[in-house]
file coords36.cif (mmCIF, C-alpha atoms)
data_query
#
loop_
_atom_site.label_atom_id
_atom_site.label_comp_id
_atom_site.auth_asym_id
_atom_site.auth_seq_id
_atom_site.Cartn_x
_atom_site.Cartn_y
_atom_site.Cartn_z
CA MET A 1 6.91 -24.32 75.80
CA ALA A 2 8.50 -21.86 78.17
CA THR A 3 8.46 -22.44 81.90
CA GLU A 4 8.75 -19.85 84.61
CA GLY A 5 12.53 -19.98 84.77
CA ASP A 6 13.16 -19.63 81.02
CA VAL A 7 14.16 -16.29 79.58
CA VAL A 8 12.20 -15.34 76.45
CA PRO A 9 14.11 -13.07 74.06
CA PRO A 10 12.28 -9.87 73.11
CA VAL A 11 10.68 -9.79 69.66
CA ALA A 12 12.15 -7.15 67.36
CA ALA A 13 9.79 -4.66 65.79
CA PRO A 14 9.34 -5.03 62.01
CA GLU A 15 11.44 -2.73 59.90
CA THR A 16 9.78 0.25 58.24
CA VAL A 17 10.82 1.04 54.72
CA GLU A 18 10.06 4.44 53.26
CA VAL A 19 9.37 4.72 49.55
CA PRO A 20 10.12 8.07 47.94
CA ALA A 21 7.18 9.81 46.31
CA ASP A 22 8.81 9.82 42.86
CA ALA A 23 9.13 5.99 42.93
CA ALA A 24 5.34 5.51 42.84
CA PRO A 25 3.84 4.68 39.43
CA THR A 26 2.29 7.62 37.63
CA GLY A 27 -0.81 5.70 36.58
CA LYS A 28 -0.47 6.63 32.91
CA LEU A 29 -1.27 3.76 30.61
CA THR A 30 -1.01 3.54 26.87
CA VAL A 31 -4.25 3.04 24.99
CA GLU A 32 -3.35 -0.59 24.23
CA GLU A 33 -2.54 -1.37 27.87
CA ALA A 34 -5.74 0.34 28.99
CA LEU A 35 -7.74 -1.61 26.42
CA GLU A 36 -6.32 -4.89 27.68
CA VAL A 37 -7.20 -4.09 31.29
CA VAL A 38 -10.72 -2.93 30.37
CA LEU A 39 -11.37 -6.06 28.30
CA LYS A 40 -10.24 -8.30 31.19
CA LYS A 41 -12.48 -6.46 33.66
CA ALA A 42 -15.45 -6.65 31.29
CA LEU A 43 -14.81 -10.38 30.78
CA VAL A 44 -14.78 -10.99 34.54
CA ASN A 45 -18.02 -9.00 34.98
CA GLU A 46 -19.74 -10.81 32.09
CA GLY A 47 -19.96 -7.65 30.01
CA LEU A 48 -17.91 -8.81 27.01
CA VAL A 49 -19.31 -10.10 23.71
CA ARG A 50 -16.84 -11.94 21.48
CA GLY A 51 -17.16 -12.92 17.84
CA ALA A 52 -18.65 -11.25 14.77
CA LYS A 53 -22.20 -12.61 14.95
CA GLU A 54 -22.83 -11.86 18.63
CA SER A 55 -21.04 -8.50 18.41
CA ILE A 56 -23.12 -7.37 15.45
CA LYS A 57 -26.29 -8.36 17.32
CA ALA A 58 -25.20 -6.30 20.35
CA LEU A 59 -24.33 -3.31 18.13
CA ASP A 60 -27.68 -3.54 16.34
CA ARG A 61 -29.55 -3.59 19.68
CA LYS A 62 -27.52 -0.54 20.82
CA ASP A 63 -26.35 -2.68 23.74
CA ALA A 64 -22.70 -1.63 23.56
CA GLU A 65 -20.37 0.84 25.25
CA LEU A 66 -17.27 0.18 23.15
CA CYS A 67 -16.48 -1.86 20.03
CA VAL A 68 -13.00 -3.21 19.25
CA LEU A 69 -12.48 -4.16 15.61
CA CYS A 70 -9.53 -5.93 14.00
CA GLU A 71 -8.32 -4.05 10.92
CA THR A 72 -6.98 -7.19 9.23
CA THR A 73 -10.25 -9.11 9.20
CA GLU A 74 -10.52 -11.22 6.05
CA GLU A 75 -14.22 -10.46 5.59
CA ALA A 76 -14.50 -6.89 4.28
CA GLY A 77 -18.25 -7.02 4.81
CA ILE A 78 -17.83 -7.45 8.57
CA VAL A 79 -15.57 -4.41 8.78
CA ALA A 80 -17.98 -2.26 6.76
CA LEU A 81 -21.03 -3.45 8.75
CA VAL A 82 -19.41 -2.91 12.15
CA GLU A 83 -18.17 0.57 11.19
CA ALA A 84 -21.60 1.51 9.85
CA LEU A 85 -23.41 0.27 12.99
CA CYS A 86 -20.98 2.12 15.26
CA ASN A 87 -21.43 5.35 13.29
CA GLU A 88 -25.21 5.00 13.16
CA HIS A 89 -25.68 4.29 16.87
CA LYS A 90 -22.84 6.58 18.09
CA ILE A 91 -20.88 3.72 19.67
CA ARG A 92 -17.17 4.22 20.31
CA LEU A 93 -14.96 2.20 17.94
CA ILE A 94 -11.31 1.37 18.36
CA LYS A 95 -9.27 -0.63 15.86
CA VAL A 96 -6.42 -3.03 16.57
CA SER A 97 -4.02 -4.50 14.04
CA ASP A 98 -3.73 -8.16 15.08
CA SER A 99 -6.66 -10.57 15.52
CA LYS A 100 -4.57 -12.95 17.65
CA LYS A 101 -3.69 -10.12 20.05
CA LEU A 102 -7.37 -9.12 20.25
CA GLY A 103 -8.33 -12.74 20.92
CA GLU A 104 -5.72 -12.96 23.68
CA MET A 105 -6.97 -9.72 25.27
CA ALA A 106 -10.57 -11.00 25.09
CA GLY A 107 -9.68 -14.28 26.80
CA LEU A 108 -9.89 -16.56 23.76
CA CYS A 109 -6.85 -18.61 24.79
CA LYS A 110 -5.61 -21.16 27.27
CA ILE A 111 -3.15 -20.11 29.99
CA ASP A 112 -0.35 -22.57 30.83
CA ARG A 113 1.23 -23.14 34.26
CA GLU A 114 3.75 -20.34 33.80
CA GLY A 115 0.98 -17.87 32.94
CA ASN A 116 1.76 -17.70 29.21
CA PRO A 117 -1.11 -17.78 26.70
CA ARG A 118 -1.38 -20.90 24.52
CA LYS A 119 -3.77 -21.88 21.71
CA ILE A 120 -4.78 -18.30 20.98
CA VAL A 121 -7.88 -17.93 18.82
CA GLY A 122 -8.17 -14.77 16.76
CA ALA A 123 -11.13 -12.43 17.16
CA SER A 124 -12.46 -10.09 14.50
CA VAL A 125 -14.82 -8.06 16.71
CA VAL A 126 -15.25 -7.67 20.47
CA VAL A 127 -17.93 -5.52 22.12
CA ILE A 128 -18.02 -4.27 25.71
CA ARG A 129 -21.60 -4.20 26.98
CA LYS A 130 -20.76 -3.49 30.64
CA TRP A 131 -17.51 -1.82 31.70
CA GLY A 132 -17.27 -3.52 35.05
CA GLU A 133 -15.71 -1.49 37.84
CA GLU A 134 -14.31 2.02 37.57
CA SER A 135 -10.58 2.01 36.83
CA VAL A 136 -7.68 4.11 35.59
CA ALA A 137 -7.71 2.10 32.36
CA ARG A 138 -11.33 2.99 31.65
CA THR A 139 -10.62 6.66 32.32
CA THR A 140 -7.62 6.51 29.98
CA LEU A 141 -9.75 5.06 27.17
CA LEU A 142 -12.51 7.62 27.68
CA GLU A 143 -9.93 10.43 27.64
CA HIS A 144 -8.55 8.97 24.39
CA PHE A 145 -11.98 9.17 22.78
CA GLY A 146 -12.56 12.64 24.20
CA SER A 147 -9.34 13.93 22.63
CA GLN A 148 -10.24 12.74 19.13
#

call {"tool": "encode", "arguments": {"input": "coords36.cif", "output": "structure tokens"}}
result
Amino acid sequence: MATEGDVVPPVAAPETVEVPADAAPTGKLTVEEALEVVLKKALVNEGLVRGAKESIKALDRKDAELCVLCETTEEAGIVALVEALCNEHKIRLIKVSDSKKLGEMAGLCKIDREGNPRKIVGASVVVIRKWGEESVARTTLLEHFGSQ
């Protein structure tokens, strides 16, 4: 503790660093990056349905905003049924190539201490019932569907 006779050195003001305008991120995401962000937000907000049986139920009830289907699903009947339900009820459908990647994006994995996914379970179909909060990723996906 300082007493009356001690001299206290002045505290320096924090440095200000200017960031040039061109160094800021542009906000453009690829469709795959946007899909990953949207799936994570829907998972957090309890708006994500995972698995063929539950997804088909949600599609049949018209309780879906977006359907993500794996192209390499072993059951051809699931692919045909999901595509038919999406066409019939006018639900947006996006296809991905790898079921393990879709499972990882949908949260069907364990995360280790370093933040790497482990024990990834593949997913054939994932349905978004509630988007969650508004985001750049959601806007990117909606623009992708608008341009098709």

call {"tool": "resolve_selection", "arguments": {"input": "coords36.cif", "expression": "the PyMOL selection byres ((chain A and resi 55-68) around 12)", "output": "ChimeraX atom specification"}}
result
/A:32,35-36,38-39,42,47-54,69-71,73,77-99,101-103,105-106,123-132,138,141-142,145

call {"tool": "atom_distance", "arguments": {"input": "coords36.cif", "atom1": "CA of Thr30 in chain A", "atom2": "CA of Glu104 in chain A"}}
result
17.5 Å

call {"tool": "atom_distance", "arguments": {"input": "coords36.cif", "atom1": "CA of Glu114 in chain A", "atom2": "CA of Glu134 in chain A"}}
result
29.0 Å

call {"tool": "atom_distance", "arguments": {"input": "coords36.cif", "atom1": "CA of Leu108 in chain A", "atom2": "CA of Thr140 in chain A"}}
result
24.0 Å

call {"tool": "resolve_selection", "arguments": {"input": "coords36.cif", "expression": "the PyMOL selection byres ((chain A and resi 120) around 7)", "output": "ChimeraX atom specification"}}
result
/A:100,103-104,108-110,117-119,121-122

call {"tool": "build_atoms", "arguments": {"input": "coords36.cif", "residues": "range 134-145 of chain A", "atoms": "all heavy atoms", "output": "JSON list (two decimals), in the frame of the given file"}}
result
[["chain", "number", "residue", "atom", "x", "y", "z"],
["A", 134, "GLU", "N", -15.02, 0.79, 37.95],
["A", 134, "GLU", "CA", -14.31, 2.02, 37.57],
["A", 134, "GLU", "C", -12.81, 1.77, 37.73],
["A", 134, "GLU", "O", -12.37, 1.19, 38.71],
["A", 134, "GLU", "CB", -14.75, 3.17, 38.46],
["A", 134, "GLU", "CG", -14.20, 4.51, 38.08],
["A", 134, "GLU", "CD", -14.83, 5.05, 36.82],
["A", 134, "GLU", "OE1", -15.99, 4.76, 36.53],
["A", 134, "GLU", "OE2", -14.13, 5.79, 36.10],
["A", 135, "SER", "N", -12.02, 2.22, 36.75],
["A", 135, "SER", "CA", -10.58, 2.01, 36.83],
["A", 135, "SER", "C", -9.84, 3.11, 36.07],
["A", 135, "SER", "O", -10.43, 3.87, 35.31],
["A", 135, "SER", "CB", -10.21, 0.65, 36.24],
["A", 135, "SER", "OG", -10.48, 0.61, 34.87],
["A", 136, "VAL", "N", -8.54, 3.15, 36.29],
["A", 136, "VAL", "CA", -7.68, 4.11, 35.59],
["A", 136, "VAL", "C", -7.68, 3.80, 34.10],
["A", 136, "VAL", "O", -7.66, 4.70, 33.26],
["A", 136, "VAL", "CB", -6.24, 4.06, 36.17],
["A", 136, "VAL", "CG1", -5.31, 4.93, 35.37],
["A", 136, "VAL", "CG2", -6.25, 4.46, 37.63],
["A", 137, "ALA", "N", -7.72, 2.51, 33.76],
["A", 137, "ALA", "CA", -7.71, 2.10, 32.36],
["A", 137, "ALA", "C", -8.95, 2.60, 31.62],
["A", 137, "ALA", "O", -8.86, 3.09, 30.50],
["A", 137, "ALA", "CB", -7.61, 0.58, 32.26],
["A", 138, "ARG", "N", -10.09, 2.49, 32.27],
["A", 138, "ARG", "CA", -11.33, 2.99, 31.65],
["A", 138, "ARG", "C", -11.26, 4.49, 31.44],
["A", 138, "ARG", "O", -11.63, 5.01, 30.38],
["A", 138, "ARG", "CB", -12.51, 2.62, 32.54],
["A", 138, "ARG", "CG", -13.82, 3.15, 32.02],
["A", 138, "ARG", "CD", -14.96, 2.79, 32.94],
["A", 138, "ARG", "NE", -16.14, 3.51, 32.56],
["A", 138, "ARG", "CZ", -17.21, 3.61, 33.29],
["A", 138, "ARG", "NH1", -17.26, 3.01, 34.46],
["A", 138, "ARG", "NH2", -18.25, 4.29, 32.88],
["A", 139, "THR", "N", -10.76, 5.20, 32.43],
["A", 139, "THR", "CA", -10.62, 6.66, 32.32],
["A", 139, "THR", "C", -9.66, 7.02, 31.20],
["A", 139, "THR", "O", -9.92, 7.94, 30.43],
["A", 139, "THR", "CB", -10.11, 7.23, 33.65],
["A", 139, "THR", "OG1", -10.97, 6.79, 34.70],
["A", 139, "THR", "CG2", -10.09, 8.74, 33.62],
["A", 140, "THR", "N", -8.58, 6.26, 31.04],
["A", 140, "THR", "CA", -7.62, 6.51, 29.98],
["A", 140, "THR", "C", -8.27, 6.34, 28.61],
["A", 140, "THR", "O", -8.07, 7.15, 27.71],
["A", 140, "THR", "CB", -6.41, 5.55, 30.10],
["A", 140, "THR", "OG1", -5.82, 5.73, 31.38],
["A", 140, "THR", "CG2", -5.38, 5.80, 29.02],
["A", 141, "LEU", "N", -9.07, 5.28, 28.45],
["A", 141, "LEU", "CA", -9.75, 5.06, 27.17],
["A", 141, "LEU", "C", -10.77, 6.17, 26.89],
["A", 141, "LEU", "O", -10.86, 6.65, 25.75],
["A", 141, "LEU", "CB", -10.46, 3.71, 27.15],
["A", 141, "LEU", "CG", -9.63, 2.50, 26.82],
["A", 141, "LEU", "CD1", -10.47, 1.24, 26.84],
["A", 141, "LEU", "CD2", -8.97, 2.64, 25.46],
["A", 142, "LEU", "N", -11.52, 6.56, 27.88],
["A", 142, "LEU", "CA", -12.51, 7.62, 27.68],
["A", 142, "LEU", "C", -11.84, 8.95, 27.35],
["A", 142, "LEU", "O", -12.35, 9.73, 26.53],
["A", 142, "LEU", "CB", -13.43, 7.75, 28.90],
["A", 142, "LEU", "CG", -14.34, 6.55, 29.14],
["A", 142, "LEU", "CD1", -15.13, 6.73, 30.43],
["A", 142, "LEU", "CD2", -15.26, 6.32, 27.97],
["A", 143, "GLU", "N", -10.69, 9.22, 27.97],
["A", 143, "GLU", "CA", -9.93, 10.43, 27.64],
["A", 143, "GLU", "C", -9.40, 10.36, 26.20],
["A", 143, "GLU", "O", -9.36, 11.36, 25.49],
["A", 143, "GLU", "CB", -8.76, 10.62, 28.60],
["A", 143, "GLU", "CG", -9.17, 11.08, 29.97],
["A", 143, "GLU", "CD", -8.01, 11.11, 30.95],
["A", 143, "GLU", "OE1", -6.87, 10.73, 30.57],
["A", 143, "GLU", "OE2", -8.24, 11.52, 32.09],
["A", 144, "HIS", "N", -9.02, 9.16, 25.76],
["A", 144, "HIS", "CA", -8.55, 8.97, 24.39],
["A", 144, "HIS", "C", -9.65, 9.31, 23.40],
["A", 144, "HIS", "O", -9.42, 9.99, 22.39],
["A", 144, "HIS", "CB", -8.08, 7.53, 24.18],
["A", 144, "HIS", "CG", -7.79, 7.17, 22.76],
["A", 144, "HIS", "ND1", -6.68, 7.67, 22.09],
["A", 144, "HIS", "CD2", -8.47, 6.41, 21.88],
["A", 144, "HIS", "CE1", -6.70, 7.19, 20.84],
["A", 144, "HIS", "NE2", -7.77, 6.42, 20.70],
["A", 145, "PHE", "N", -10.87, 8.87, 23.68],
["A", 145, "PHE", "CA", -11.98, 9.17, 22.78],
["A", 145, "PHE", "C", -12.39, 10.64, 22.88],
["A", 145, "PHE", "O", -12.82, 11.22, 21.88],
["A", 145, "PHE", "CB", -13.19, 8.28, 23.09],
["A", 145, "PHE", "CG", -13.01, 6.88, 22.59],
["A", 145, "PHE", "CD1", -12.85, 5.83, 23.46],
["A", 145, "PHE", "CD2", -12.99, 6.62, 21.22],
["A", 145, "PHE", "CE1", -12.67, 4.54, 22.99],
["A", 145, "PHE", "CE2", -12.82, 5.35, 20.74],
["A", 145, "PHE", "CZ", -12.66, 4.29, 21.62]]
